[in-house]
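Here is run03.cif, consisting of mmCIF, C-alpha atoms and all ligand atoms:
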data_input
loop_
_atom_site.label_atom_id
_atom_site.label_comp_id
_atom_site.auth_asym_id
_atom_site.auth_seq_id
_atom_site.Cartn_x
_atom_site.Cartn_y
_atom_site.Cartn_z
CA MET A 1 0.00 0.00 0.00
CA VAL A 2 1.21 3.51 -0.84
CA TYR A 3 0.16 7.17 -0.33
CA ILE A 4 -1.07 9.90 -2.67
CA THR A 5 -2.18 13.49 -2.11
CA ASN A 6 -5.82 14.38 -1.61
CA HIS A 7 -5.62 16.41 -4.79
CA ASN A 8 -4.60 13.36 -6.82
CA ALA A 9 -7.36 11.28 -5.22
CA ASP A 10 -9.80 13.95 -6.43
CA LEU A 11 -8.25 13.87 -9.91
CA ILE A 12 -8.80 10.12 -10.16
CA ILE A 13 -12.49 10.49 -9.38
CA GLU A 14 -12.91 13.49 -11.69
CA ASN A 15 -11.44 11.44 -14.52
CA ILE A 16 -13.90 8.59 -14.16
CA ASP A 17 -16.44 8.16 -16.95
CA ILE A 18 -19.56 8.64 -14.83
CA SER A 19 -21.91 7.26 -17.50
CA LYS A 20 -20.33 3.81 -17.15
CA LEU A 21 -20.85 3.80 -13.42
CA ASN A 22 -23.53 1.75 -11.78
CA LEU A 23 -23.13 2.50 -8.10
CA GLU A 24 -25.91 2.42 -5.60
CA GLY A 25 -26.29 3.20 -1.95
CA SER A 26 -26.78 6.21 0.23
CA LEU A 27 -24.30 9.02 0.62
CA PHE A 28 -24.62 9.46 4.36
CA LYS A 29 -26.66 7.28 6.69
CA ASN A 30 -30.22 7.42 5.41
CA ARG A 31 -30.28 11.17 4.96
CA ASN A 32 -32.03 12.57 1.97
CA LEU A 33 -29.43 14.71 0.26
CA PHE A 34 -31.65 16.29 -2.35
CA ILE A 35 -29.19 19.14 -2.85
CA PHE A 36 -27.07 16.91 -5.08
CA SER A 37 -27.80 16.10 -8.72
CA LYS A 38 -27.68 12.49 -9.94
CA ARG A 39 -24.28 13.18 -11.44
CA GLU A 40 -22.93 14.59 -8.20
CA VAL A 41 -24.30 11.65 -6.22
CA LYS A 42 -22.56 9.24 -8.61
CA ARG A 43 -19.28 11.05 -8.24
CA LEU A 44 -19.48 11.05 -4.46
CA LEU A 45 -20.35 7.33 -4.45
CA ALA A 46 -17.34 6.77 -6.71
CA TYR A 47 -15.18 8.61 -4.18
CA LYS A 48 -16.58 6.48 -1.38
CA SER A 49 -15.91 3.33 -3.38
CA PHE A 50 -12.36 4.41 -4.16
CA MET A 51 -11.64 5.06 -0.50
CA ALA A 52 -13.01 1.64 0.39
CA ASN A 53 -10.64 0.12 -2.20
CA SER A 54 -13.61 -1.68 -3.65
CA LYS A 55 -13.64 -3.50 -6.98
CA ASP A 56 -16.65 -1.50 -8.21
CA LEU A 57 -14.50 0.95 -10.08
CA VAL A 58 -12.36 -1.46 -12.08
CA GLY A 59 -12.99 -0.80 -15.75
CA VAL A 60 -14.08 2.82 -15.34
CA TYR A 61 -10.76 4.32 -14.26
CA LYS A 62 -9.00 6.55 -16.73
CA LYS A 63 -5.37 7.52 -16.88
CA ILE A 64 -4.58 10.78 -15.08
CA GLU A 65 -3.57 13.51 -17.48
CA MET A 66 -1.23 16.07 -16.01
CA PRO A 67 -1.46 19.68 -17.20
CA THR A 68 1.01 20.41 -20.01
CA ASP A 69 4.35 21.93 -19.16
CA LYS A 70 4.16 25.71 -19.46
CA TYR A 71 7.82 26.14 -18.52
CA GLU A 72 6.80 28.31 -15.63
CA TYR A 73 8.85 26.54 -12.98
CA LEU A 74 12.13 24.72 -12.73
CA THR A 75 10.33 21.55 -11.79
CA TYR A 76 7.65 19.84 -13.78
CA TYR A 77 6.22 16.40 -13.29
CA ASN A 78 4.55 14.85 -16.30
CA LYS A 79 3.22 11.99 -14.20
CA PRO A 80 1.54 11.91 -10.81
CA ALA A 81 3.51 10.12 -8.10
CA TYR A 82 2.71 7.76 -5.28
CA HIS A 83 4.74 7.66 -2.11
CA SER A 84 5.97 4.80 0.01
CA LYS A 85 6.40 6.95 3.10
CA ALA A 86 3.64 8.93 4.76
CA ASP A 87 6.16 11.53 5.90
CA CYS A 88 7.71 12.13 2.46
CA SER A 89 8.42 15.84 2.07
CA LEU A 90 6.86 15.90 -1.40
CA LEU A 91 3.63 14.61 0.08
CA ASN A 92 3.29 16.93 3.03
CA SER A 93 5.12 20.22 3.06
CA ALA A 94 4.73 23.05 0.65
CA PHE A 95 7.02 22.31 -2.23
CA ILE A 96 9.69 24.92 -2.95
CA THR A 97 10.83 25.49 -6.49
CA TYR A 98 11.97 28.46 -8.61
CA LYS A 99 10.29 30.34 -11.38
CA ILE A 100 11.99 30.24 -14.75
CA PRO A 101 13.02 33.88 -15.34
CA GLU A 102 10.86 35.71 -17.87
CA LYS A 103 13.94 36.58 -19.93
CA ILE A 104 14.61 32.89 -20.52
CA ARG A 105 10.95 31.97 -21.07
CA GLN A 106 10.64 34.54 -23.81
CA LYS A 107 13.38 32.79 -25.79
CA GLY A 108 11.26 29.66 -26.01
CA GLU A 109 11.08 26.06 -24.85
CA GLU A 110 14.59 25.10 -25.86
CA SER A 111 16.12 27.83 -23.69
CA CYS A 112 13.98 26.75 -20.75
CA LYS A 113 15.16 23.16 -21.15
CA ILE A 114 18.81 24.29 -21.23
CA PHE A 115 18.22 26.39 -18.13
CA ARG A 116 16.62 23.51 -16.24
CA LEU A 117 19.57 21.27 -17.07
CA TRP A 118 22.04 23.96 -16.04
CA PHE A 119 20.24 24.48 -12.74
CA LYS A 120 20.25 20.75 -12.00
CA LYS A 121 24.03 20.68 -12.42
CA ASN A 122 24.54 23.78 -10.29
CA ARG A 123 21.93 23.20 -7.60
CA GLU A 124 24.54 22.38 -4.97
CA LEU A 125 26.55 25.46 -5.84
CA LEU A 126 23.54 27.59 -4.99
CA GLN A 127 23.58 26.16 -1.48
CA GLU A 128 27.33 26.18 -0.99
CA ASP A 129 28.37 29.40 -2.65
CA GLU A 130 25.48 31.62 -3.56
CA LYS A 131 27.69 34.44 -4.84
CA THR A 132 29.47 32.29 -7.41
CA PHE A 133 26.16 30.74 -8.43
CA TYR A 134 24.61 34.12 -9.23
CA ALA A 135 27.75 35.30 -11.02
CA LEU A 136 27.56 32.23 -13.25
CA LEU A 137 23.84 32.74 -13.76
CA LYS A 138 24.48 36.30 -14.84
CA SER A 139 27.25 35.46 -17.27
CA LYS A 140 25.48 32.50 -18.82
CA PHE A 141 21.87 33.71 -18.98
CA GLY A 142 22.04 37.44 -18.25
CA VAL A 143 19.75 36.94 -15.26
CA ASP A 144 20.37 38.63 -11.89
CA GLU A 145 18.14 36.71 -9.57
CA LEU A 146 15.76 33.78 -9.19
CA GLU A 147 12.31 34.01 -7.73
CA LYS A 148 11.38 31.32 -5.22
CA GLN A 149 7.96 29.76 -5.53
CA SER A 150 6.18 27.67 -2.95
CA LEU A 151 3.69 25.28 -4.50
CA GLU A 152 0.96 24.30 -2.11
CA ASN A 153 0.61 20.66 -1.39
CA SER A 154 -2.79 19.19 -0.64
CA GLY A 155 -1.21 16.62 1.68
CA ILE A 156 -2.74 13.40 2.84
CA GLN A 157 -4.37 14.72 5.97
CA VAL A 158 -6.62 17.71 6.24
CA PHE A 159 -8.94 17.76 9.22
CA THR A 160 -6.78 15.46 11.29
CA ASP A 161 -8.21 16.47 14.62
CA LEU A 162 -11.75 15.15 14.10
CA THR A 163 -12.97 11.68 14.98
CA LEU A 164 -15.45 9.82 12.79
CA GLU A 165 -18.15 10.58 15.34
CA GLN A 166 -17.39 14.30 15.27
CA ILE A 167 -17.47 14.36 11.47
CA GLU A 168 -20.86 12.62 11.56
CA GLN A 169 -22.18 15.22 13.99
CA GLN A 170 -20.92 18.06 11.83
CA LEU A 171 -22.45 16.52 8.73
CA ASP A 172 -25.81 16.02 10.42
CA LYS A 173 -25.77 19.60 11.66
CA LEU A 174 -24.83 21.07 8.31
CA ILE A 175 -27.42 19.00 6.44
CA ASN A 176 -30.10 20.16 8.93
CA GLU A 177 -29.05 23.77 8.45
CA ALA A 178 -29.12 23.42 4.66
CA ASN A 179 -32.63 21.91 4.84
CA ASP A 180 -33.87 24.66 7.19
CA TYR A 181 -32.44 27.31 4.95
CA PHE A 182 -34.01 25.78 1.89
CA PHE A 183 -37.50 25.24 3.30
CA ASN A 184 -37.75 28.48 5.26
CA SER A 185 -36.05 30.79 2.86
CA ASN A 186 -37.79 33.44 0.80
CA HIS A 187 -35.57 32.23 -1.97
CA LYS A 188 -37.11 28.77 -2.11
CA PRO A 189 -38.51 29.22 -5.65
CA VAL A 190 -35.08 30.10 -7.01
CA LEU A 191 -33.33 27.40 -5.01
CA SER A 192 -35.85 24.69 -6.00
CA LEU A 193 -35.26 25.52 -9.60
CA PHE A 194 -31.46 25.62 -9.57
CA LEU A 195 -30.39 23.71 -6.45
CA ARG A 196 -28.72 21.02 -8.53
CA ARG A 197 -27.24 23.49 -10.98
CA LEU A 198 -25.34 25.80 -8.66
CA TYR A 199 -22.69 26.25 -11.37
CA LEU A 200 -25.15 28.82 -12.74
CA ALA A 201 -23.78 31.11 -10.01
CA ASN A 202 -20.54 31.40 -11.99
CA PRO A 203 -20.07 34.84 -13.55
CA THR A 204 -19.97 33.45 -17.12
CA SER A 205 -23.00 31.15 -16.79
CA ILE A 206 -26.29 32.18 -18.34
CA ILE A 207 -29.47 31.94 -16.27
CA PRO A 208 -32.16 30.33 -18.47
CA LYS A 209 -34.74 33.10 -18.95
CA GLU A 210 -37.61 30.82 -19.95
CA GLU A 211 -37.41 28.79 -16.75
CA ILE A 212 -37.38 31.95 -14.65
CA GLU A 213 -40.47 33.33 -16.38
CA LYS A 214 -42.28 30.01 -16.22
CA ALA A 215 -41.71 29.84 -12.45
CA GLY A 216 -42.93 33.43 -12.07
CA ILE A 217 -39.67 34.61 -10.49
CA LYS A 218 -39.11 38.33 -10.76
CA MET A 219 -35.46 38.82 -10.03
CA THR A 220 -32.44 39.99 -11.94
CA ASP A 221 -29.70 37.54 -12.96
CA VAL A 222 -27.36 39.20 -10.48
CA GLU A 223 -29.80 38.61 -7.62
CA ILE A 224 -30.32 34.98 -8.63
CA LYS A 225 -26.59 34.35 -8.89
CA LYS A 226 -26.06 35.82 -5.45
CA ILE A 227 -28.59 33.44 -3.86
CA LEU A 228 -27.10 30.43 -5.64
CA ALA A 229 -23.54 31.40 -4.71
CA GLU A 230 -24.53 31.79 -1.08
CA PHE A 231 -26.11 28.34 -0.95
CA ARG A 232 -23.10 26.85 -2.69
CA ASP A 233 -20.52 28.45 -0.37
CA LYS A 234 -22.43 28.03 2.88
CA TYR A 235 -23.88 24.55 2.42
CA LYS A 236 -23.22 22.56 -0.72
CA ASN A 237 -19.44 22.87 -0.94
CA PRO A 238 -18.85 22.40 2.80
CA ILE A 239 -21.14 19.32 2.81
CA THR A 240 -19.27 17.90 -0.19
CA ARG A 241 -15.89 18.45 1.49
CA LEU A 242 -17.09 16.97 4.74
CA LEU A 243 -18.56 13.91 2.99
CA LYS A 244 -15.25 13.19 1.29
CA TYR A 245 -13.46 13.58 4.58
CA TYR A 246 -15.99 11.25 6.16
CA TYR A 247 -15.36 8.55 3.52
CA ARG A 248 -11.61 8.89 3.90
CA THR A 249 -11.79 8.61 7.68
CA LYS A 250 -14.29 5.80 7.67
CA TYR A 251 -12.92 3.57 4.93
CA ASN A 252 -9.29 4.53 4.54
CA PRO A 253 -8.12 6.03 7.85
CA GLU A 254 -4.48 5.46 7.01
CA LEU A 255 -5.02 6.99 3.57
CA LYS A 256 -3.34 4.15 1.83
CA TYR A 257 -4.08 3.14 -1.74
CA ASN A 258 -3.56 0.12 -3.90
CA GLU A 259 -0.33 0.56 -5.80
CA ASN A 260 -1.33 -1.67 -8.74
CA ILE A 261 -4.42 0.42 -9.47
CA LEU A 262 -2.37 3.60 -9.21
CA GLU A 263 0.21 2.29 -11.69
CA GLN A 264 -2.56 1.49 -14.17
CA LEU A 265 -3.66 5.10 -13.78
CA GLY A 266 -0.24 6.37 -14.79
CA PHE A 267 1.23 7.01 -11.34
CA VAL A 268 4.96 6.52 -10.91
CA PRO A 269 6.96 5.90 -7.73
CA CYS A 270 8.12 9.10 -6.03
CA LYS A 271 11.82 9.71 -6.70
CA GLU A 272 12.29 11.10 -3.23
CA CYS A 273 10.95 8.29 -1.04
CA CYS A 274 10.45 5.21 -3.21
CA SER A 275 14.02 4.71 -4.41
CA LYS A 276 15.23 4.46 -0.83
CA ARG A 277 12.58 1.94 -0.07
CA GLN A 278 13.58 -1.44 1.26
CA LEU A 279 11.88 -4.18 -0.68
ZN ZN A 301 7.61 10.62 -1.82
#

Give the structure from this file in structure tokens form.
Ligand SMILES: [Zn+2]
Amino acid sequence: MVYITNHNADLIIENIDISKLNLEGSLFKNRNLFIFSKREVKRLLAYKSFMANSKDLVGVYKKIEMPTDKYEYLTYYNKPAYHSKADCSLLNSAFITYKIPEKIRQKGEESCKIFRLWFKKNRELLQEDEKTFYALLKSKFGVDELEKQSLENSGIQVFTDLTLEQIEQQLDKLINEANDYFFNSNHKPVLSLFLRRLYLANPTSIIPKEEIEKAGIKMTDVEIKKILAEFRDKYKNPITRLLKYYYRTKYNPELKYNENILEQLGFVPCKECCSKRQL
């Protein structure tokens, strides 16, 4: 069993072809979570199944595609990695790299590749003798300084201080609050119409005029978007996050994953912790 970041676990589920999925069951106890669309329910059930390491998802997994290299940073990984150690620095701490200076980027990909290679060879020099490093950098690339960049890592643990029981209580409370808000709100007509389409709150989305008129709602698009965004931020997104956390804690408390499945999905062993592994 090996470890991956929460972000990569999300990517695996996002990549699944939902139409091929035939999962059943409830999301949380026997609560009626009508705020989720069928699609969203399927995706959450897929997440639950993945955490439980069940066989339900075999055949629907898709290879993880990493974003293309934009030559923004010195480091770029074209494949996601799994880790053999839970305390691997690449898994937990914010990852420090450098930006490729604009001057070099402007010259094109080839220059960036040469710069990356040069940096790799001179990495130790930067630590041992910074002055000489920057002199070399200046003479070779005409660059005076390098900008450090800390890339956030989603880690393997997020809400570590909660027990399963506490998560359940929070979920129950939040679901009750969402229901109260929905049934007692003046905005019920708008919410009933678009509850499962909260993406309509996005600035670029278009509110379907016909549906609004048919439901007799007299509000501007801006007002409607505000209501939807509020419901999304206060209830739907927090419930989604908490549900995922609940599945992780309940089914995969050590956050370990099956290495064979991960390799089929294009994951490679982490260079930092897996090469030192004792087999
Ligand atoms: Zn590692």

Per residue of chain A within 6 Å of ligand ZN 301 (chain A), which atom pair is closest and at what distance in Å (one decimal), using only C-alpha atoms and all ligand atoms, listed by chain and increasing number, as a Markdown table?
| residue | atom | partner | partner_atom | distance |
| --- | --- | --- | --- | --- |
| A:His83 | CA | A:ZN301 | ZN | 4.1 |
| A:Cys88 | CA | A:ZN301 | ZN | 4.5 |
| A:Leu90 | CA | A:ZN301 | ZN | 5.3 |
| A:Leu91 | CA | A:ZN301 | ZN | 5.9 |
| A:Cys270 | CA | A:ZN301 | ZN | 4.5 |
| A:Glu272 | CA | A:ZN301 | ZN | 4.9 |
| A:Cys273 | CA | A:ZN301 | ZN | 4.1 |

What does the file look like for those residues with C-alpha atoms, as an mmCIF file, keeping the file's coordinate frame?
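So result.cif came out as:
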data_model
loop_
_atom_site.group_PDB
_atom_site.id
_atom_site.type_symbol
_atom_site.label_atom_id
_atom_site.label_comp_id
_atom_site.auth_asym_id
_atom_site.auth_seq_id
_atom_site.Cartn_x
_atom_site.Cartn_y
_atom_site.Cartn_z
ATOM 1 C CA HIS A 83 4.740 7.660 -2.110
ATOM 2 C CA CYS A 88 7.710 12.130 2.460
ATOM 3 C CA LEU A 90 6.860 15.900 -1.400
ATOM 4 C CA LEU A 91 3.630 14.610 0.080
ATOM 5 C CA CYS A 270 8.120 9.100 -6.030
ATOM 6 C CA GLU A 272 12.290 11.100 -3.230
ATOM 7 C CA CYS A 273 10.950 8.290 -1.040
#

Please, what distance in Å, to one decimal, runs between atom CA of Ile12 of chain A and atom CA of Tyr257 of chain A?
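One can read the atom CA of Ile12 of chain A to atom CA of Tyr257 of chain A distance as 11.9 Å.
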
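For Ala46 of chain A, the non-local neighbours within 9 Å, defined as residues at least 3 positions apart in the same chain or in other chains and counting only C-alpha atoms, are Ile13, Ile16, Ile18, Leu21, Leu23, Val41, Lys42, Arg43, Ser49, Phe50, Met51, Asp56 and Leu57 of chain A.
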
Computed interatomic separation between atom CA of Ser111 of chain A and atom CA of Glu128 of chain A (Å)
25.4 Å

Which distance in Å separates atom CA of Asp129 of chain A and atom CA of Thr97 of chain A, to one decimal?
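Atom CA of Thr97 of chain A lies at a distance of 18.4 Å from atom CA of Asp129 of chain A.
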
What are the closest atom pairs, with distances in Å to one decimal, for all residues of segment 137-209 of chain A lying within 12 Å of segment 220-229 of chain A? Consider all atoms listed in the file, order rows by chain and residue number, and present the result as CSV.
residue,atom,partner,partner_atom,distance
A:Tyr181,CA,A:Ile227,CA,11.4
A:Phe182,CA,A:Ile227,CA,11.0
A:Ser185,CA,A:Ile227,CA,10.4
A:Asn186,CA,A:Ile227,CA,10.3
A:His187,CA,A:Ile227,CA,7.3
A:Lys188,CA,A:Ile227,CA,9.9
A:Pro189,CA,A:Ile224,CA,10.4
A:Val190,CA,A:Ile224,CA,7.0
A:Leu191,CA,A:Leu228,CA,7.0
A:Ser192,CA,A:Leu228,CA,10.5
A:Leu193,CA,A:Leu228,CA,10.3
A:Phe194,CA,A:Leu228,CA,7.6
A:Leu195,CA,A:Leu228,CA,7.5
A:Arg196,CA,A:Leu228,CA,10.0
A:Arg197,CA,A:Leu228,CA,8.8
A:Leu198,CA,A:Leu228,CA,5.8
A:Tyr199,CA,A:Leu228,CA,8.4
A:Leu200,CA,A:Lys225,CA,6.9
A:Ala201,CA,A:Lys225,CA,4.4
A:Asn202,CA,A:Lys225,CA,7.4
A:Pro203,CA,A:Lys225,CA,8.0
A:Thr204,CA,A:Lys225,CA,10.6
A:Ser205,CA,A:Lys225,CA,9.2
A:Ile206,CA,A:Asp221,CA,8.3
A:Ile207,CA,A:Asp221,CA,6.5
A:Pro208,CA,A:Asp221,CA,9.4
A:Lys209,CA,A:Asp221,CA,9.0

Between A:Cys274, A:Ile212, A:Leu33, A:Leu262, which is the closest to Lys79 of chain A once you count only C-alpha atoms?
A:Leu262

Nearest to Asn92 of chain A: which of A:Tyr246, A:Trp118, A:Tyr76, A:Tyr3 is it, counting all atoms listed in the file?
A:Tyr3

So that I can see what lies close to Tyr235 of chain A, please list as a list in words the residues with an atom at most 9 Å from it, counting all atoms listed in the file and leaving out residues fewer than 6 positions away in the same chain.
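Returned residues: Leu174, Ile175, Glu177 and Ala178 of chain A.
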
Measuring atom to atom with all atoms listed in the file, identify which of A:Lys48, A:Lys38, A:Lys148, A:Lys120 is nearest to Ala9 of chain A.
A:Lys48

Which residue, A:Asn252, A:Gln106, A:Lys20, A:Ala52, has the smallest gap to Arg39 of chain A when you use only C-alpha atoms?
A:Lys20

Between A:Leu162, A:Leu171, A:Ile4, A:Ile104, which is the closest to Lys140 of chain A once you count all atoms listed in the file?
A:Ile104
